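Undergrad: Just dropping this structure here.
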Amino acid sequence: MALSRGLRCCQRVFSWIPVLIITAVVLWSYYAYVFELCLFTISNTLEKAVYLLVFHVCFGMFSWTYWKSIFTPPATPCKKFQLSYSDKQRYEMEERPDAQKQILVEIAKKLPIFTRTQSGAIRFCDRCQVLKPDRCHHCSVCETCVLKMDHHCPWVNNCVGFSNYKFFLLFLAYSMLYCVFITATVLQYFLKFWVGDLPNGPAKFHILFLMFVALMFFVSLMFLFTYHCWLVAKNRSTLVEAFSAPVFASGPDRNGFSLGLHKNLLQVFGEDRKLWFIPVFTSQGNGHYFPLRSQSSESHNPLLANEDMWDESDDGSEGSLVEDADPSVTIEMDD
């Protein structure tokens, strides 16, 4: 037991190494750009002021989105998806697998769950003892089920999912912008150092290396950002829909949650476009229920026609079902 705790502790410590590497590179880039380039190399005062102003805006947005990606806790299923004491006892005492599946089916009738396992069973996490909401996945690193989990990212040492997916996308976007701005403004001084128009000194090494690092990171980020833009447009997540099609009552459907480009964007970024590029949470819903493509209109979707059946608490962290509601009808989450 002590050895296991020690290994987990070491794992937690080592998991911060990628974050420390990124932080060290960014802090060095700040020093190289602000001091070696702007203060020690550029002589034009107006050019220097403009470069410093725009750089600090890009640096600030990059740092803000990176911080939010790292320190926003993953959203987990609320208590309504956990087995009650009586249900848990009934499930554990039952030895027949078919009977256990039937118990889960009965419980799931009261919840907005549409997806199943490949065998058609209710998706249940034995480690967390919860019925998995649609698009939920268990993270072995975080040791918890994460709502709309996309992937576990070592570079932010966090699960990217419902609670921070928008922040992660903005982090990629502002990282690219940061690299593009550095490359565009450093290029002329990179060429001057390269051909010998500027004297050799400490600034030469920093500016040459800054150019190569910015280009290298930009190329890597461009592919990753493009891939996630495609996922957003298709309303997919890396682990749940991109790698394997979710299974519905009608069968597997990789596009089961896609409602069209506009609605897919709104699910991630929200309806207030003024906040799309700001790292504040604006995603629709609370991660437990997502509209289906086959039920995209309210007139055809009983979930959207019975909004009173899911009563959110004031903090939005937990839902509750009206006890006398029809268990065959599922419910809509508040935005």
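Naming works like this for the structure tokens: A, B, ... for the chains as they're shown, residue 1 at the start of each chain, ligands 1 onward in shown order.
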Pick out the residues sitting within 12 Å of Ala233 (chain A), and hand them over as a ChimeraX atom specification; count only C-alpha atoms, and ignore anything fewer than 4 positions along from it in its own chain.
TA: /A:226-229,237,255,257-269
Undergrad: Residues near region 115-128 of chain A, anyone? I mean within 9 Å using only C-alpha atoms, not counting same-chain ones fewer than 4 positions away, as a CSV table (one decimal) with C-alpha atoms, in the first residue's frame.
TA:
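Final output, part21.csv:
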chain,number,residue,atom,x,y,z
A,82,GLN,CA,-24.1,7.2,-9.3
A,101,LYS,CA,-27.2,-5.5,-17.1
A,102,GLN,CA,-30.9,-5.4,-16.6
A,104,LEU,CA,-28.4,-0.9,-15.1
A,105,VAL,CA,-31.0,-0.6,-17.8
A,108,ALA,CA,-30.7,4.3,-17.0
A,132,LYS,CA,-21.5,7.0,-17.9
A,133,PRO,CA,-23.4,9.9,-19.4
A,134,ASP,CA,-23.1,10.1,-23.2
A,135,ARG,CA,-19.6,11.1,-24.4
A,137,HIS,CA,-14.9,8.5,-20.5
A,138,HIS,CA,-12.8,7.2,-17.6
A,143,GLU,CA,-8.6,8.3,-12.0
A,144,THR,CA,-12.1,9.6,-12.6
A,145,CYS,CA,-14.8,9.7,-15.3
A,246,PRO,CA,-20.8,5.8,-30.5
A,247,VAL,CA,-23.5,3.1,-30.4
A,248,PHE,CA,-27.1,4.3,-30.3
A,249,ALA,CA,-30.3,2.3,-30.3
A,251,GLY,CA,-26.7,1.3,-34.3
A,252,PRO,CA,-23.2,3.0,-34.5
Undergrad: Write down as a count of residues only the residues of region 65-144 of chain A whose backbone DSSP state falls under helix (DSSP H, G or I).
TA: 31
Undergrad: Ranking A:Val50, A:Leu170, A:Ile42, A:Ile70 by minimum distance to Asn157 (chain A) and counting only C-alpha atoms, which one comes first?
TA: A:Ile70
Undergrad: Select, from A:Val280, A:Val25, A:Cys136, A:Cys9, the residue with the minimum atom-to-atom distance to Val213 (chain A), counting only C-alpha atoms.
TA: A:Val25
